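**Student:** To start, I am sharing the structure in question, which I have written as structure tokens.
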Amino acid sequence: MSEPSSVLTVPTDGAGRTAGELLDRKDVAVARVNGELRDLAHVVAEGDTVEAVPYASEDGRAVLRHSAAHVLAQAVQDLFPGTLLGIGPPVKDGFYYDFLPERPFTPDDLAAIEKRMGQIVQQRQRFSRRVVSEDEAREELLHERFKLELIGLKGAESGTADSGESVEVGGPELTIYDNLTGDERTWSDLCRGPHLPTTRDIPAFKLMRTAAAYWRGDQANPALQRIYGTAWESRDALKAHLTLLEEAEKRDHRRLGAELDLFSFPDEIGSGLAIFHPKGGAVRRVMEDYSRKRHEEDGYLFVNTPHITKEDLFLTSGHLPYYADTMFPPMEFEGSNYYLKPMNCPMHNLIIRSRGRSYRELPLRLFEFGSVYRYEKSGVVHGLTRVRGLTMDDSHIFTTREGMGEEIRGVLDFILGLLRDFGLTDFYLELSTRDDSDKFIGEPDAWEAATAALQEAADASGLELVPDPGGAAFYGPKISVQARDAIGRTWQMSTIQVDFNNPERFDLEYQAPDGSRQRPVMLHRALFGSIERFFGVLLEHYAGVFPAWLAPVQVVGIPVHSDYDPYLLEVGERLKAAGIRVEVDTSDDRMQKKIRNAQKAKVPFMLIAGGEDVEAGAVSFRFRDGTQDNGIPVGEAVERIVQAVRDRV
């Protein structure tokens, strides 16, 4: 039996029926009617196009999670009368709802709330949409001061905000959703919807944790309590997600960073500012050295620029009006405002402008490991993956418009190749373009040309391409490389941005073959994104078990008895001379504990030596997985290790 069509046009005899009746499918969460998501109870008209939106789709899961958020809010107000409601949107893999309770929620409260949610789900309460006027909404929600504020924002297009209120009041109408048991209203909330037909249609959910939050994300507003949850289309999907979270917890780079003595965030320095310990520094140096080598091979030229600059530079580039909120406050010095730089590109423009340029120099590829500083809010700072001080492997490429397409294709190939060298192999691309927002600058024809060149490069890569309308930088479109790690999570990695505007703002020129002066096209390219973030991603991808070439300590020498310390110290010197990072455990611990310590530190190779090994000029070669080769001549052991590192295994 063939699958039913997911899209249909309403025939004459279908007018007046609901979308759910017309679709008649149990796997459908909501319908898309004439391009808009609607409840299954939405009455359709002749000629409407109706598309089935399954639970297991992105939109279906969002509606499922939004419905679960409303059940959460109902449960909280049932158990804790007087609690005020904030907002309750779906988010990636889950949902949350913000509350102002009379007292903070406890873990026991969370268990009770989840139990009450289960009861509401079993009651099969029906979600019912009701259009109301602003006055009616105000009268009905007089006791909910945050909802009243959202009603006031309705006329100010609150749907453009980031904080989630668009989920509550966006759209052309003001609507309230009632939860009905039979014809009796049991609970109501200001919301644009859509929702599932009933609470019983929420197959699987779980509350996860509480957190602090500010109303509408503004620290000047009241502090609320946020409850996070997750909801899925089946119990199996929920179980798989929770298993993934458990694995992600084991791989958390912050925990691994402390366990493996790689980095820390001392309070004395400040939030979001990492210091790398010797072992972390070793990994970072290998990453940077390998990247430098590959860039040199591909014709990049290395530059260095200062950490601070005068304000006018960022006014010229156009960054200051757009990024002021994420820049540290200026420092007044010698009559000028100086900023810690949040990006390197304006300074690279000055390098290009420092003298006349010829078409023969293009493409000109500048590269810098540049330290930049961004004022991230404390609520979003997260280990190495969201920091305030970061080192970008930043490149700016200047090329002709005619050569732009070829250069973009080459840059994308270079990025993918280098990421594969570090062990990331599963990619897709995201193409971010402009929309009708007034934040974007530049001529439409330049945007069209840049977007077309990026599209062609993406198509040539053979990778999946996902559109991201409105996600471009203010000065141009971009491609983002999205990489899936060992447990299937997606990380945004490298970006390629096309910029016609900075060359114009900085009056950059080159002499063309006919002697005329032409504007170069500027490509912004960050490969790792930042060293810190890439370090964190790799640490989680490998769960701390770095391949031998990246491991902070590649070999540990373990003497069976202290009498054999000198022998292994000599072997260690041979390894160091071959460029291997080696330690010899000369502590008073017993041999088995030394082995356990090396395994806990996730060291790739252990070289164990006892009396027979010393006499034979050999070692017992033990691997990270516990397997062992005995009686291996020292020279062979050294060669094995050097070869493994050379092969990047």
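Identifiers for the structure tokens are assigned positionally: chains receive A, B, ... in sequence, residues are indexed from 1 per chain, and ligands are indexed from 1 in the order shown.
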Find the spatial neighbours of region 401-403 of chain A, counting only C-alpha atoms, within a cut-off of 10 Å - ignore same-chain residues fewer than 5 positions away - and output them as JSON, numbers by chain.

**Tutor:** {"A": [362, 363, 408, 449, 450, 453, 500, 518, 519, 520, 521, 522]}

**Student:** Please provide the set of residues having any atom within 12 Å of Tyr290 (chain A), restricted to only C-alpha atoms, with same-chain residues fewer than 3 positions apart removed, written as a list in words.

**Tutor:**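 Counting only C-alpha atoms, the residues come to Val283, Arg284, Arg285, Val286, Met287, Lys293, Arg294, His295, Glu296, Glu297, Leu418, Leu419, Asp421, Phe422, Trp549, Leu550, Arg646 and Arg648 of chain A.
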
**Student:** Can I get the selected residues back with C-alpha atoms, as a short mmCIF file (atom, residue, chain, number, x, y, z; two decimals), in the first residue's frame?

**Tutor:**
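Produced file result-v1.cif, reproduced below:
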```cif
data_model
loop_
_atom_site.label_atom_id
_atom_site.label_comp_id
_atom_site.auth_asym_id
_atom_site.auth_seq_id
_atom_site.Cartn_x
_atom_site.Cartn_y
_atom_site.Cartn_z
CA VAL A 283 47.55 20.03 21.99
CA ARG A 284 46.93 23.62 20.99
CA ARG A 285 50.46 23.99 19.61
CA VAL A 286 50.06 20.85 17.48
CA MET A 287 46.76 22.18 16.14
CA LYS A 293 51.90 24.09 7.64
CA ARG A 294 48.77 23.49 5.57
CA HIS A 295 48.19 27.22 5.06
CA GLU A 296 51.77 27.74 3.89
CA GLU A 297 51.35 24.91 1.40
CA LEU A 418 41.78 20.29 6.95
CA LEU A 419 38.74 19.41 9.06
CA ASP A 421 42.63 15.75 8.86
CA PHE A 422 41.47 16.49 12.41
CA TRP A 549 49.38 12.83 16.89
CA LEU A 550 47.17 15.16 18.97
CA ARG A 646 53.32 10.72 11.29
CA ARG A 648 47.99 10.99 12.30
#
```

**Student:** Could you check the closest approach to Pro329 (chain A) for each of A:Arg640, A:Arg138, A:Lys341, A:Arg590 and tell me which residue wins, using only C-alpha atoms?

**Tutor:** A:Lys341

**Student:** Name all residues at most 6 Å from region 116-130 of chain A (count only C-alpha atoms; drop same-chain ones fewer than 6 positions away) and give them as a PyMOL selection string.

**Tutor:** chain A and resi 75+175-181+197-200

**Student:** Just the selected residues (N, CA and C atoms), exported as a compact mmCIF listing (two decimals), in the first residue's frame, please.

**Tutor:**
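Here's the written file result.txt:
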```txt
# COMPACT_ATOMS: atom_id res chain seq x y z
N ALA A 75 0.48 22.74 34.78
CA ALA A 75 0.82 21.94 35.95
C ALA A 75 1.39 22.81 37.07
N THR A 175 -4.52 35.77 20.04
CA THR A 175 -5.27 34.54 20.32
C THR A 175 -4.94 34.00 21.70
N ILE A 176 -5.93 33.34 22.29
CA ILE A 176 -5.78 32.62 23.55
C ILE A 176 -6.12 31.16 23.26
N TYR A 177 -5.34 30.26 23.85
CA TYR A 177 -5.65 28.84 23.77
C TYR A 177 -6.21 28.37 25.10
N ASP A 178 -7.36 27.74 25.04
CA ASP A 178 -7.99 27.15 26.21
C ASP A 178 -7.72 25.65 26.23
N ASN A 179 -7.51 25.10 27.42
CA ASN A 179 -7.50 23.66 27.60
C ASN A 179 -8.88 23.25 28.08
N LEU A 180 -9.56 22.41 27.31
CA LEU A 180 -10.95 22.05 27.59
C LEU A 180 -11.05 20.58 27.98
N THR A 181 -11.78 20.32 29.07
CA THR A 181 -12.18 18.97 29.44
C THR A 181 -13.67 18.89 29.19
N PRO A 197 -3.92 18.48 18.84
CA PRO A 197 -5.35 18.45 19.13
C PRO A 197 -5.66 18.35 20.62
N THR A 198 -4.97 17.44 21.34
CA THR A 198 -5.24 17.25 22.76
C THR A 198 -3.93 17.04 23.51
N THR A 199 -4.01 17.14 24.83
CA THR A 199 -2.82 16.86 25.65
C THR A 199 -2.40 15.39 25.51
N ARG A 200 -3.36 14.50 25.24
CA ARG A 200 -3.05 13.07 25.12
C ARG A 200 -2.18 12.80 23.90
```

**Student:** Which residues, written as a PDB file with N, CA and C atoms, in the first residue's frame, have at least one atom at most 9 Å from region 254-261 of chain A, with only C-alpha atoms counted and residues fewer than 4 positions away on the same chain left out?

**Tutor:**
```pdb
ATOM      1  N   GLU A 249      27.218  14.112  28.359  1.00  0.00           N
ATOM      2  CA  GLU A 249      27.715  14.490  29.680  1.00  0.00           C
ATOM      3  C   GLU A 249      29.086  13.881  29.938  1.00  0.00           C
ATOM      4  N   LYS A 250      29.260  12.624  29.516  1.00  0.00           N
ATOM      5  CA  LYS A 250      30.566  11.985  29.681  1.00  0.00           C
ATOM      6  C   LYS A 250      31.637  12.709  28.875  1.00  0.00           C
ATOM      7  N   PHE A 276      45.446  27.861  29.278  1.00  0.00           N
ATOM      8  CA  PHE A 276      45.792  26.508  28.879  1.00  0.00           C
ATOM      9  C   PHE A 276      47.004  26.045  29.671  1.00  0.00           C
ATOM     10  N   HIS A 277      46.869  24.888  30.317  1.00  0.00           N
ATOM     11  CA  HIS A 277      47.951  24.298  31.081  1.00  0.00           C
ATOM     12  C   HIS A 277      48.936  23.629  30.111  1.00  0.00           C
ATOM     13  N   PRO A 278      50.074  23.165  30.599  1.00  0.00           N
ATOM     14  CA  PRO A 278      51.070  22.597  29.668  1.00  0.00           C
ATOM     15  C   PRO A 278      50.519  21.518  28.745  1.00  0.00           C
ATOM     16  N   LYS A 279      49.692  20.625  29.265  1.00  0.00           N
ATOM     17  CA  LYS A 279      49.163  19.565  28.396  1.00  0.00           C
ATOM     18  C   LYS A 279      48.189  20.126  27.369  1.00  0.00           C
ATOM     19  N   GLY A 280      47.334  21.046  27.800  1.00  0.00           N
ATOM     20  CA  GLY A 280      46.451  21.700  26.839  1.00  0.00           C
ATOM     21  C   GLY A 280      47.228  22.531  25.848  1.00  0.00           C
ATOM     22  N   HIS A 382      30.194  29.547  27.955  1.00  0.00           N
ATOM     23  CA  HIS A 382      30.119  28.105  28.168  1.00  0.00           C
ATOM     24  C   HIS A 382      31.461  27.467  27.836  1.00  0.00           C
ATOM     25  N   GLY A 383      32.256  27.201  28.859  1.00  0.00           N
ATOM     26  CA  GLY A 383      33.529  26.527  28.655  1.00  0.00           C
ATOM     27  C   GLY A 383      34.341  27.156  27.546  1.00  0.00           C
ATOM     28  N   LEU A 384      34.929  26.318  26.700  1.00  0.00           N
ATOM     29  CA  LEU A 384      35.719  26.806  25.570  1.00  0.00           C
ATOM     30  C   LEU A 384      34.863  27.126  24.357  1.00  0.00           C
ATOM     31  N   GLY A 536      37.575  22.584  22.151  1.00  0.00           N
ATOM     32  CA  GLY A 536      36.474  21.999  22.903  1.00  0.00           C
ATOM     33  C   GLY A 536      35.687  20.993  22.092  1.00  0.00           C
ATOM     34  N   LEU A 539      37.747  17.823  21.723  1.00  0.00           N
ATOM     35  CA  LEU A 539      37.819  17.117  22.999  1.00  0.00           C
ATOM     36  C   LEU A 539      36.549  16.292  23.218  1.00  0.00           C
ATOM     37  N   GLU A 540      35.396  16.850  22.861  1.00  0.00           N
ATOM     38  CA  GLU A 540      34.138  16.119  23.005  1.00  0.00           C
ATOM     39  C   GLU A 540      33.984  15.060  21.909  1.00  0.00           C
ATOM     40  N   ALA A 543      36.043  12.318  23.005  1.00  0.00           N
ATOM     41  CA  ALA A 543      35.813  11.964  24.412  1.00  0.00           C
ATOM     42  C   ALA A 543      37.129  11.965  25.190  1.00  0.00           C
ATOM     43  N   GLY A 544      38.026  12.858  24.814  1.00  0.00           N
ATOM     44  CA  GLY A 544      39.322  12.970  25.475  1.00  0.00           C
ATOM     45  C   GLY A 544      40.357  11.993  24.968  1.00  0.00           C
ATOM     46  N   LYS A 600      43.857   6.280  32.638  1.00  0.00           N
ATOM     47  CA  LYS A 600      42.940   7.351  33.021  1.00  0.00           C
ATOM     48  C   LYS A 600      43.286   8.645  32.304  1.00  0.00           C
ATOM     49  N   ALA A 601      44.581   8.870  32.080  1.00  0.00           N
ATOM     50  CA  ALA A 601      45.028  10.057  31.357  1.00  0.00           C
ATOM     51  C   ALA A 601      44.881   9.897  29.847  1.00  0.00           C
ATOM     52  N   LYS A 602      44.413   8.720  29.396  1.00  0.00           N
ATOM     53  CA  LYS A 602      44.120   8.440  27.988  1.00  0.00           C
ATOM     54  C   LYS A 602      45.368   8.563  27.109  1.00  0.00           C
TER      55      LYS A 602
END
```

**Student:** Given the choices A:Lys206, A:Gly88, A:Glu58, A:Pro194, which gets closest to Leu110 (chain A) if the distance is worked out from only C-alpha atoms?

**Tutor:** A:Lys206

**Student:** One decimal, in Å: what's the spacing between CA of Val614 (chain A) and CA of Ala548 (chain A)?

**Tutor:**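 So the answer is 25.5 Å.
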
**Student:** Would you mind listing what lies within 12 Å of Ser336 (chain A) as a ChimeraX atom specification, with only C-alpha atoms counted and same-chain residues fewer than 4 positions away left out?

**Tutor:** /A:308-313,330-332

**Student:** Could you turn the residues from that selection into a file that holds C-alpha atoms, as a compact mmCIF listing (two decimals), in the first residue's frame?

**Tutor:**
```txt
# COMPACT_ATOMS: atom_id res chain seq x y z
CA ILE A 308 43.53 47.18 20.43
CA THR A 309 42.74 49.92 17.97
CA LYS A 310 41.18 53.34 17.73
CA GLU A 311 37.43 53.63 17.45
CA ASP A 312 37.48 55.15 13.95
CA LEU A 313 38.69 51.89 12.42
CA PRO A 330 36.23 51.64 25.05
CA MET A 331 39.34 52.88 26.85
CA GLU A 332 39.99 56.61 26.60
```

**Student:** May I ask which of the residues A:Asp93, A:Gly318, A:Gln643, A:Thr400 is the closest one to Ser57 (chain A), counting only C-alpha atoms?

**Tutor:**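 Looking at the shortest contact to Ser57 (chain A), the residue is A:Asp93.
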
**Student:** Can you pull out every residue from region 220-367 of chain A that DSSP, working from the backbone, puts in alpha helix (DSSP H), and format the result as a PyMOL selection string?

**Tutor:** chain A and resi 235-250+253-259+278-297+311-317+319-323+345-353

**Student:** So what do you get for CA of Leu23 (chain A) versus CA of Pro203 (chain A), distance-wise?

**Tutor:**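 Those two atoms sit 19.9 Å apart.
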
**Student:** My list of candidates is A:Gly515, A:Gly20, A:Pro306, A:Gly60. Which is closest to Ala231 (chain A) when distances are computed with only C-alpha atoms?

**Tutor:**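 Smallest distance to Ala231 (chain A) is found for A:Gly60.
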
**Student:** Grab the CA of Leu301 (chain A) to CA of Arg365 (chain A) distance for me, in Å with one decimal place.

**Tutor:**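 Atom-to-atom, CA of Leu301 (chain A) to CA of Arg365 (chain A), that is 6.0 Å.
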